[in-house]
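Accompanying notes for the structure given below.
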Protein chains: 2
Amino acid sequence: MGLRLRFPFFAALALAAVLPLAADEGMWMPQQIPELAPRLRAMGFAGDPRAFADLTGYPMGAIVSLGGCSASFVSPDGLIVTNHHCVQGALQFNSKPDRNLMEDGFLAKSRAGELSNGPGSRAFVTVSVKDVTGEITGGIDPKSADRDRYDVVERRVKERVAACEKDGLRCTVAAFFEGKEWFQLAQMEIRDVRLVYAPAAGIGNFGGETDNWRWPRHTGDFSFYRAYVSPSGKSVPFAKENVPFRPKQWLKVSPRGASPGDLVFVVGYPGRTFRLNTHAEVREKVEWELPRLVKRYADQIALLEKVGKDDKEAALRVSTRLRGLHNSLTKYKGVLEGMVKGGLLTEKERNEKDLRSFIDADPVRRASYGDVLPALDALVTERARTRERDALLLELAGERTRERDALPLELTGGMNPVPFTALASAQAIHRFSLEKPKPDADREPAYQQRNWTRVREAQERAQRNLTPKADRVLMTYTLTDIAKLPAGQRIEALDKAVGLTPGMSEADASKVISAFLDRFFAGTRLYDKEFRLGCLDKTTGELEAMKDTGLALAAALYPLAEANRERTKARNGATYRLGPRYADALLTRSGGLVAPDANSTLRVTYGEVKGVEARDGLLYLPQTTLRGITEKATGTGEFNAPKALLEAIQALRAGKKSPYLDPKLGDVPVDFLSTVDTTGGNSGSATLNARGELVGLLFDGTYDTEANDYVFDPVKTRSIHVDTRIMLWVMSEVDGASHLISEMGIEGQTLGTKAPGL
Amino acid sequence: MGLRLRFPFFAALALAAVLPLAADEGMWMPQQIPELAPRLRAMGFAGDPRAFADLTGYPMGAIVSLGGCSASFVSPDGLIVTNHHCVQGALQFNSKPDRNLMEDGFLAKSRAGELSNGPGSRAFVTVSVKDVTGEITGGIDPKSADRDRYDVVERRVKERVAACEKDGLRCTVAAFFEGKEWFQLAQMEIRDVRLVYAPAAGIGNFGGETDNWRWPRHTGDFSFYRAYVSPSGKSVPFAKENVPFRPKQWLKVSPRGASPGDLVFVVGYPGRTFRLNTHAEVREKVEWELPRLVKRYADQIALLEKVGKDDKEAALRVSTRLRGLHNSLTKYKGVLEGMVKGGLLTEKERNEKDLRSFIDADPVRRASYGDVLPALDALVTERARTRERDALLLELAGERTRERDALPLELTGGMNPVPFTALASAQAIHRFSLEKPKPDADREPAYQQRNWTRVREAQERAQRNLTPKADRVLMTYTLTDIAKLPAGQRIEALDKAVGLTPGMSEADASKVISAFLDRFFAGTRLYDKEFRLGCLDKTTGELEAMKDTGLALAAALYPLAEANRERTKARNGATYRLGPRYADALLTRSGGLVAPDANSTLRVTYGEVKGVEARDGLLYLPQTTLRGITEKATGTGEFNAPKALLEAIQALRAGKKSPYLDPKLGDVPVDFLSTVDTTGGNSGSATLNARGELVGLLFDGTYDTEANDYVFDPVKTRSIHVDTRIMLWVMSEVDGASHLISEMGIEGQTLGTKAPGL
């Protein structure tokens, strides 16, 4: 166990005594939970905290990653519950212009009717976590060049992964505490995941973008998948003869939900936090990256909404991307508000000043850490030199600006994102052709043989996103800004391909861009799925000979993109050198048990069901009920509660019995707030009560919580969960999904009333 | 006393016992308060409720009407406190493009610096209320024609007013309970009212339209006037040698404000409520009038904002009108939401159905009341025939659609609104010329000799609103719709003047309207104040001879406008016949003490300082604090908190002592919620604690309360007040108005700490 208690535990206890009303910070590694026993007991936990450290026991063995979302098994037949917004891809994949599952929802009346989520859909269950810090970082010459250090680490990670995956598992090596510690995670991988049930958008996405990150919330953000394996129990891609997977663990679903004051745990895969980042890194985000993206995402949203306005087919294709942009836009605004208005950036600055004083105050510490912060700051400065150009280069292919260098999973190639644009698709094809001829150990992690299926699946899945209509408006948008880049920061490949010259008038630039895009779209077949898949089998030379304008542009942009990746690798090598010492300094100063930043690995957080004074004069109550759906329902757009739902509410009001009614509230609860510490990626996470029963699903945080990714706010932090009672009530009273309630083994009669419809 | 207890009082007591947590309905006439003693005592009132019935004693003698707003004396030297939004006219009158008092606020450092509010500014103090029901309604032949009945009532009202005003008072006769009861009110009238102090818009209107009708609220909505009289104590218009008026009563201002659970009284002049209206009347409002106005006001706001966009002078001139339109727009939306979504219209319908059943259930009641509701409904139907045309005719001159026929004060000519447009100004001039030759008793009330000064002042005050730029865009807007009126509903005078024909194409109509307006604006001198005032001395013939296009249009429209007024008079005559019996039926059924609908006369309401669960999952806390100002401040637009305010908050945070800090909140309170029953016109009303001390000023209601004008909601009703502590703190710490704090006799040291700056 790598994360030992660094200071006597009373430090943490003292904190708890001082702040009994505040939220506890920490997305804990499962193996850290037993050490939190005193705090958990103080909060009323009567169980054995060691259960959380046993990844194959209850409840941890039931926890599922969907890659970007969290989920859990809730039946012995591999039924998986997650958020409605986590099954968007599956709904989009199975939708057609005349059968919009994203709007109408879906219910398989029997297992035969369960729909494949499409190529590349995965479910993972973490089965082991092993400290490999020594294996990854041991014996590296401190004087070696940063770029070389990167290669050493990458090679060692690849070796570990290769060794680990021999057992038929999917493995990852991830950095914790800025690379101070490294863990190897082994996951069972399920490759046939099917859509079982999703309520209509008017339930699962009720409130839409308007309510996103907001409270009070009335979203029934739940949906169901099922994991399938071959008849012999092997993980295989979708095949008709596959059978439901039988997990060793599945969660007991509580029909009693959660109530104010309850202790709750959230178990899942939080994506990324940056709380240990330096002030300079955070400041660059707050002063440059996020304001820039707020502007650009707002522009892109406007452009994409126009694209989909009178074109159902295009609207469908840009829907997932639009939802992502909307979500990020709101999030970034919230982060900025918290960091700037909420004063969190100032707090970060003060904190780092304190750290510098702490280091300076002692000669030994000064010798150990004195050079670290200046060196880390220099990396930020170096990266900033060409950041505008580099960001535009990524944007041209529809890629997000890198959240940060050194994505911990990148070393194991865990990403393989589905391309949103033809150019992104072409870049992946081109790179794949360059990597294939190399020995496997020398390939970029994302293009190692273990990921080849994913490379292909990503190209298949891309089909649902690709439309030249959207690509054209967004490429025009980005090229217009690329045209304005100052001398010294030009993208020469584009100057040449498009015919841009520095200082060109906007009108002239507009003309040549338009002419270039005419040629680009006339000369590419990248929107054809079979064409793209065929390209994956070709050599670089063969691709070049095809004279496809999309592939040609990818090839032309490759040298600069590759040079940027090289610079990133050198910076990462520097981070591997500096990060562990920086983390050492931080941890030495902080004392007590500390949770590492989230890095998409399995974590456990805990908190209390609780409201919050969100604004001066405004209190968020801890729970919402069906009443709020009636209040908000408009019959249209984001608040289009289905007729069947409104009728079921009327029936309830007219006296129809339900075991899911909360007697204190006199209504069926919908969503609730808790103080648990979560972030993106946690979506769909199991919310467990003190007995380990599923009482809800985490699906969001409040607006005030968004800056938590950078600086934790113990007062305002609130996560948003959907209560199991609204889920079961909708399944029973609205959508006729009683067979799934039965499958989950919920006994309505234990509540004194037989659940209707069971 | 005309309003007797109709049923044993335990009826009201029983209600109180059943609904201890609900708001009490009722804007009570002062003389009704003693009868509410048991309820008030149950709520913790230890004083003598009879004090409220004594209009010349404390506190009633200190209560002031500003005509449209309420206020109160707070010093023996005639200092008046009211809302910031009630002094907009005075700020606008004294503003110039380079000296915007509406933005920057104003403080007279000495009495010599106090600024005249301009012609027509008034303050009234009600000194007596007398039941004159018999004198107004007695002995009218039930068979007389409705139109004749109207004239009888009007003549009797004029006679009473003439007799009453002999004592040098301003008198009014007003109808209560749909004309079942009539009261004569005598008011002392102050005609020299001066601006003493108004904070900057960033305090007094902090939150602007965004926060209007909303909670949490952080508006410092307070300002000060002073009443002046001649050196001999007479009510005279502004003159330099005038001296401060010395009222008999002035309120003791509490530096302790109000806290949750406190019993509070609001004393002021609520404008109009329609709770006793029939279902048909309310339904017409909900289904036709308000949705129509929501659309038209939104359009007009957009047009006026464009007018003021790059023209400071025009922006100043349309500012008061814009603020009114914004306010009404938000209000009407709120009313509609409450009536439709909130189900209040359905409740009204159910209520009236119950009334019909109640009437039908008993032969005597059937005989007394059976014909009343059908007859009242027929009046609504008759009026509806030409409602679209009639509304457009009023709109063309910038007049509001009549809220209802039979404005109770119209009989005494209490309105004389300041014209917003040249055409409205011309119509008043033209009508005045027609009325002047008549004997005074035969004149329309608004044009009787007692109102001649007001007629002149209205024309003077109009100057600050008039701009051909705004008139042109709004006339174009209205004429475009007038052009589309169906055959049978044409406004022939306009067809002739403009050159419109039924069924004309929009493009053709646009052309002739534009040409007509070219002629209209080229040929009128109505934007010249001296010209308008000169016109008031001319005969109808002389006006005609001047060939002013504005006056000519007014004359051309007169026949239809007058015919509409004649129809209204006939309907009012019918209402005088039917209304009292309708009210009888209602009161007989309801039992207990009932408050009449608001009609701009002096009222007392009571309630408790208290939060509310405004939406499912969302609780409005009862108080806000300075903290919320910091949260909301953006440094621009509606949330532009002045630098001095933010600095004072910082000083407070840094430990500066203040007697206005609430120890429980740990901050200076800003606004608070209460359950008191109020409406428009109440703005600026004194909010008194159980000891009769001023603890705040009423300035708004929550959005959910707006439909209260039609149907009272005992659960969600909340009024919004500004606490005296933020007022005194701002005066002391931000605006340097300590001399006024001293004048109010507030002793900071009684709080244990000497108030800084005193």
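Simple scheme: letters A, B, ... for chains in structure tokens order, numbers from 1 for residues in each chain, numbers from 1 for ligands in the order shown.
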For this session: Give the residues of chain B that lie within 7 Å of chain A; count only C-alpha atoms, and format the answer as a ChimeraX atom specification.
Result: /B:216,615-625,627-628
Exercise. If we count only C-alpha atoms, what is near segment 460-464 of chain A at a cut-off of 10 Å, once residues fewer than 4 positions away on the same chain are taken out, given as a count of residues only?
Worked result: 35
Problem set entry | Pick from A:Asn465, A:Leu479, A:Thr219, A:Leu500, whichever lies nearest to Glu638 of chain A using only C-alpha atoms | A:Thr219
Problem set entry | Close residues, Cys86 of chain A itself excluded, 12 Å, only C-alpha atoms, min 2 positions apart in chain, as a ChimeraX atom specification | /A:65-71,80-84,88-92,102,117,121,195,198,204-205,221-225,320,323-324,680-685,697-700
Exercise. What residues in segment 187-254 of chain A get the DSSP label helix (DSSP H, G or I)? Please answer as a PyMOL selection string.
Worked result: chain A and resi 201-204+208-211
Keeping only N, CA, C and O atoms, write those residues as a PDB file, in the first residue's frame.
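After the write, selection_32.pdb holds the following:
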```pdb
ATOM      1  N   ALA A 201     -36.169  11.625 -23.157  1.00  0.00           N
ATOM      2  CA  ALA A 201     -35.354  12.798 -22.807  1.00  0.00           C
ATOM      3  C   ALA A 201     -36.091  13.695 -21.807  1.00  0.00           C
ATOM      4  O   ALA A 201     -35.470  14.327 -20.955  1.00  0.00           O
ATOM      5  N   GLY A 202     -37.423  13.728 -21.894  1.00  0.00           N
ATOM      6  CA  GLY A 202     -38.222  14.545 -20.981  1.00  0.00           C
ATOM      7  C   GLY A 202     -38.165  14.065 -19.541  1.00  0.00           C
ATOM      8  O   GLY A 202     -38.655  14.740 -18.633  1.00  0.00           O
ATOM      9  N   ILE A 203     -37.565  12.898 -19.320  1.00  0.00           N
ATOM     10  CA  ILE A 203     -37.294  12.424 -17.953  1.00  0.00           C
ATOM     11  C   ILE A 203     -35.776  12.409 -17.740  1.00  0.00           C
ATOM     12  O   ILE A 203     -35.261  13.043 -16.843  1.00  0.00           O
ATOM     13  N   GLY A 204     -35.072  11.690 -18.617  1.00  0.00           N
ATOM     14  CA  GLY A 204     -33.639  11.481 -18.432  1.00  0.00           C
ATOM     15  C   GLY A 204     -32.803  12.728 -18.591  1.00  0.00           C
ATOM     16  O   GLY A 204     -31.714  12.823 -18.028  1.00  0.00           O
ATOM     17  N   GLY A 208     -32.589  19.897 -19.300  1.00  0.00           N
ATOM     18  CA  GLY A 208     -31.588  20.128 -20.345  1.00  0.00           C
ATOM     19  C   GLY A 208     -30.438  21.031 -19.920  1.00  0.00           C
ATOM     20  O   GLY A 208     -29.964  20.963 -18.789  1.00  0.00           O
ATOM     21  N   GLU A 209     -30.010  21.848 -20.857  1.00  0.00           N
ATOM     22  CA  GLU A 209     -28.890  22.747 -20.576  1.00  0.00           C
ATOM     23  C   GLU A 209     -29.264  23.811 -19.547  1.00  0.00           C
ATOM     24  O   GLU A 209     -28.411  24.302 -18.814  1.00  0.00           O
ATOM     25  N   THR A 210     -30.533  24.183 -19.515  1.00  0.00           N
ATOM     26  CA  THR A 210     -30.972  25.216 -18.562  1.00  0.00           C
ATOM     27  C   THR A 210     -30.682  24.783 -17.129  1.00  0.00           C
ATOM     28  O   THR A 210     -30.210  25.564 -16.313  1.00  0.00           O
ATOM     29  N   ASP A 211     -30.994  23.540 -16.819  1.00  0.00           N
ATOM     30  CA  ASP A 211     -30.808  23.062 -15.451  1.00  0.00           C
ATOM     31  C   ASP A 211     -29.451  22.423 -15.210  1.00  0.00           C
ATOM     32  O   ASP A 211     -29.091  22.168 -14.053  1.00  0.00           O
TER      33      ASP A 211
END
```
For this session: Figure out the distance between atom CA of Phe432 of chain A and atom CA of Thr539 of chain A, please, to one decimal in Å.
Result: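 These atoms are spaced 8.9 Å apart.
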Problem set entry | Distance of atom CA of Pro38 of chain A from atom CA of Val266 of chain A, expressed in Å to one decimal place |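 Between these atoms lies a distance of 18.4 Å.
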Exercise. Using only C-alpha atoms, which residues sit within 9 Å of Val711 of chain A once same-chain residues fewer than 2 positions away are excluded, as number ranges by chain?
Worked result: A: 274-276, 339, 344-345, 347-348, 707-709, 713
For this session: For Val734 of chain A, work out the shell of residues within 7 Å, counting only C-alpha atoms and skipping chain neighbours fewer than 5 positions away, then give it as a list in words.
Result: Ala644, Leu645 and Ala648 of chain A
Could those selected residues go to a file with C-alpha atoms, as a PDB file, in the first residue's frame?
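After the write, result_26.pdb holds the following:
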```
ATOM      1  CA  ALA A 644     -47.337   9.403 -19.304  1.00  0.00           C
ATOM      2  CA  LEU A 645     -45.217  10.912 -16.536  1.00  0.00           C
ATOM      3  CA  ALA A 648     -48.727   9.033 -13.377  1.00  0.00           C
TER       4      ALA A 648
END
```
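Among the residues of segment 486-648 of chain A, backbone DSSP assigns strand (DSSP E) to Arg603, Val604, Thr605, Tyr606, Gly607, Glu608, Val612, Glu613, Ala614, Arg615, Leu618, Leu619, Tyr620, Gln623, Thr624 and Thr625 of chain A.
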How would the residues just picked look written out with all heavy atoms as a compact mmCIF listing (two decimals), in the first residue's frame?
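Final output, out_27.txt:
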```txt
# COMPACT_ATOMS: atom_id res chain seq x y z
N ARG A 603 -12.19 5.32 -7.52
CA ARG A 603 -12.09 6.07 -6.27
C ARG A 603 -13.36 5.92 -5.45
O ARG A 603 -14.43 5.60 -5.98
CB ARG A 603 -11.88 7.57 -6.55
CG ARG A 603 -10.68 7.89 -7.42
CD ARG A 603 -9.35 7.56 -6.72
NE ARG A 603 -8.24 7.88 -7.61
CZ ARG A 603 -7.58 9.03 -7.57
NH1 ARG A 603 -7.90 9.95 -6.67
NH2 ARG A 603 -6.60 9.25 -8.41
N VAL A 604 -13.20 6.19 -4.16
CA VAL A 604 -14.33 6.16 -3.23
C VAL A 604 -14.39 7.52 -2.54
O VAL A 604 -13.37 8.01 -2.05
CB VAL A 604 -14.16 5.06 -2.17
CG1 VAL A 604 -15.34 5.06 -1.20
CG2 VAL A 604 -13.99 3.69 -2.83
N THR A 605 -15.55 8.16 -2.53
CA THR A 605 -15.72 9.39 -1.76
C THR A 605 -16.93 9.23 -0.86
O THR A 605 -17.77 8.36 -1.07
CB THR A 605 -15.92 10.62 -2.67
OG1 THR A 605 -17.25 10.58 -3.19
CG2 THR A 605 -14.95 10.63 -3.82
N TYR A 606 -16.97 10.05 0.18
CA TYR A 606 -18.10 9.93 1.11
C TYR A 606 -18.57 11.32 1.50
O TYR A 606 -17.86 12.31 1.34
CB TYR A 606 -17.69 9.15 2.36
CG TYR A 606 -16.60 9.81 3.15
CD1 TYR A 606 -16.90 10.75 4.13
CD2 TYR A 606 -15.26 9.53 2.89
CE1 TYR A 606 -15.88 11.40 4.83
CE2 TYR A 606 -14.26 10.16 3.59
CZ TYR A 606 -14.56 11.10 4.55
OH TYR A 606 -13.56 11.73 5.23
N GLY A 607 -19.79 11.39 2.01
CA GLY A 607 -20.36 12.67 2.42
C GLY A 607 -21.73 12.46 3.01
O GLY A 607 -22.13 11.32 3.31
N GLU A 608 -22.45 13.56 3.11
CA GLU A 608 -23.74 13.53 3.78
C GLU A 608 -24.79 14.12 2.85
O GLU A 608 -24.50 15.06 2.11
CB GLU A 608 -23.61 14.41 5.04
CG GLU A 608 -24.82 14.42 5.93
CD GLU A 608 -24.70 15.52 7.00
OE1 GLU A 608 -23.61 16.05 7.21
OE2 GLU A 608 -25.74 15.82 7.61
N VAL A 612 -27.70 23.39 1.08
CA VAL A 612 -26.62 24.37 1.21
C VAL A 612 -27.18 25.78 0.96
O VAL A 612 -28.09 25.96 0.16
CB VAL A 612 -25.48 24.07 0.20
CG1 VAL A 612 -25.96 24.19 -1.24
CG2 VAL A 612 -24.27 24.96 0.42
N GLU A 613 -26.64 26.76 1.69
CA GLU A 613 -26.99 28.16 1.38
C GLU A 613 -26.14 28.58 0.19
O GLU A 613 -25.00 28.99 0.33
CB GLU A 613 -26.77 29.08 2.58
CG GLU A 613 -27.29 30.49 2.29
CD GLU A 613 -27.26 31.43 3.48
OE1 GLU A 613 -27.14 30.96 4.62
OE2 GLU A 613 -27.36 32.65 3.25
N ALA A 614 -26.73 28.44 -1.00
CA ALA A 614 -25.96 28.60 -2.22
C ALA A 614 -25.61 30.06 -2.50
O ALA A 614 -24.54 30.36 -3.01
CB ALA A 614 -26.74 28.03 -3.39
N ARG A 615 -26.57 30.92 -2.20
CA ARG A 615 -26.36 32.35 -2.36
C ARG A 615 -26.89 33.01 -1.12
O ARG A 615 -27.77 32.46 -0.46
CB ARG A 615 -27.17 32.89 -3.56
CG ARG A 615 -26.84 32.30 -4.89
CD ARG A 615 -25.74 33.06 -5.59
NE ARG A 615 -25.37 32.37 -6.81
CZ ARG A 615 -24.63 31.26 -6.85
NH1 ARG A 615 -24.21 30.71 -5.72
NH2 ARG A 615 -24.33 30.69 -8.00
N LEU A 618 -30.53 32.42 -0.16
CA LEU A 618 -31.10 31.34 -0.95
C LEU A 618 -30.58 29.99 -0.48
O LEU A 618 -29.38 29.75 -0.50
CB LEU A 618 -30.73 31.54 -2.42
CG LEU A 618 -31.53 30.75 -3.43
CD1 LEU A 618 -32.99 31.25 -3.46
CD2 LEU A 618 -30.92 30.89 -4.81
N LEU A 619 -31.51 29.15 -0.05
CA LEU A 619 -31.12 27.84 0.46
C LEU A 619 -31.55 26.74 -0.51
O LEU A 619 -32.72 26.68 -0.90
CB LEU A 619 -31.78 27.62 1.82
CG LEU A 619 -31.31 26.40 2.61
CD1 LEU A 619 -29.90 26.60 3.15
CD2 LEU A 619 -32.26 26.14 3.78
N TYR A 620 -30.59 25.91 -0.90
CA TYR A 620 -30.93 24.72 -1.68
C TYR A 620 -31.36 23.65 -0.69
O TYR A 620 -30.54 23.20 0.13
CB TYR A 620 -29.72 24.22 -2.46
CG TYR A 620 -29.27 25.06 -3.62
CD1 TYR A 620 -28.11 24.74 -4.32
CD2 TYR A 620 -30.00 26.17 -4.05
CE1 TYR A 620 -27.69 25.50 -5.40
CE2 TYR A 620 -29.58 26.93 -5.13
CZ TYR A 620 -28.42 26.59 -5.79
OH TYR A 620 -27.98 27.34 -6.86
N GLN A 623 -33.51 17.85 -1.05
CA GLN A 623 -34.22 16.93 -1.94
C GLN A 623 -35.21 17.67 -2.83
O GLN A 623 -35.76 18.70 -2.44
CB GLN A 623 -35.03 15.92 -1.10
CG GLN A 623 -34.18 14.94 -0.32
CD GLN A 623 -35.03 14.15 0.65
OE1 GLN A 623 -35.50 14.68 1.66
NE2 GLN A 623 -35.26 12.88 0.34
N THR A 624 -35.47 17.09 -3.99
CA THR A 624 -36.58 17.57 -4.81
C THR A 624 -37.57 16.42 -4.99
O THR A 624 -37.26 15.26 -4.69
CB THR A 624 -36.12 18.05 -6.19
OG1 THR A 624 -35.51 16.95 -6.88
CG2 THR A 624 -35.13 19.19 -6.08
N THR A 625 -38.76 16.77 -5.46
CA THR A 625 -39.83 15.78 -5.59
C THR A 625 -40.55 15.93 -6.93
O THR A 625 -40.28 16.87 -7.68
CB THR A 625 -40.87 15.95 -4.46
OG1 THR A 625 -41.52 17.22 -4.65
CG2 THR A 625 -40.22 15.94 -3.08
```
Problem set entry | Å distance separating atom CA of Ala53 of chain A from atom CA of Met27 of chain A, one decimal place | 13.8 Å
Problem set entry | Residue contacts of Val372 of chain B (12 Å, only C-alpha atoms) excluding same-chain residues fewer than 3 positions away, as an MDAnalysis selection string | chainID B and resid 278 355:356 359 365:369 375:379 574:586
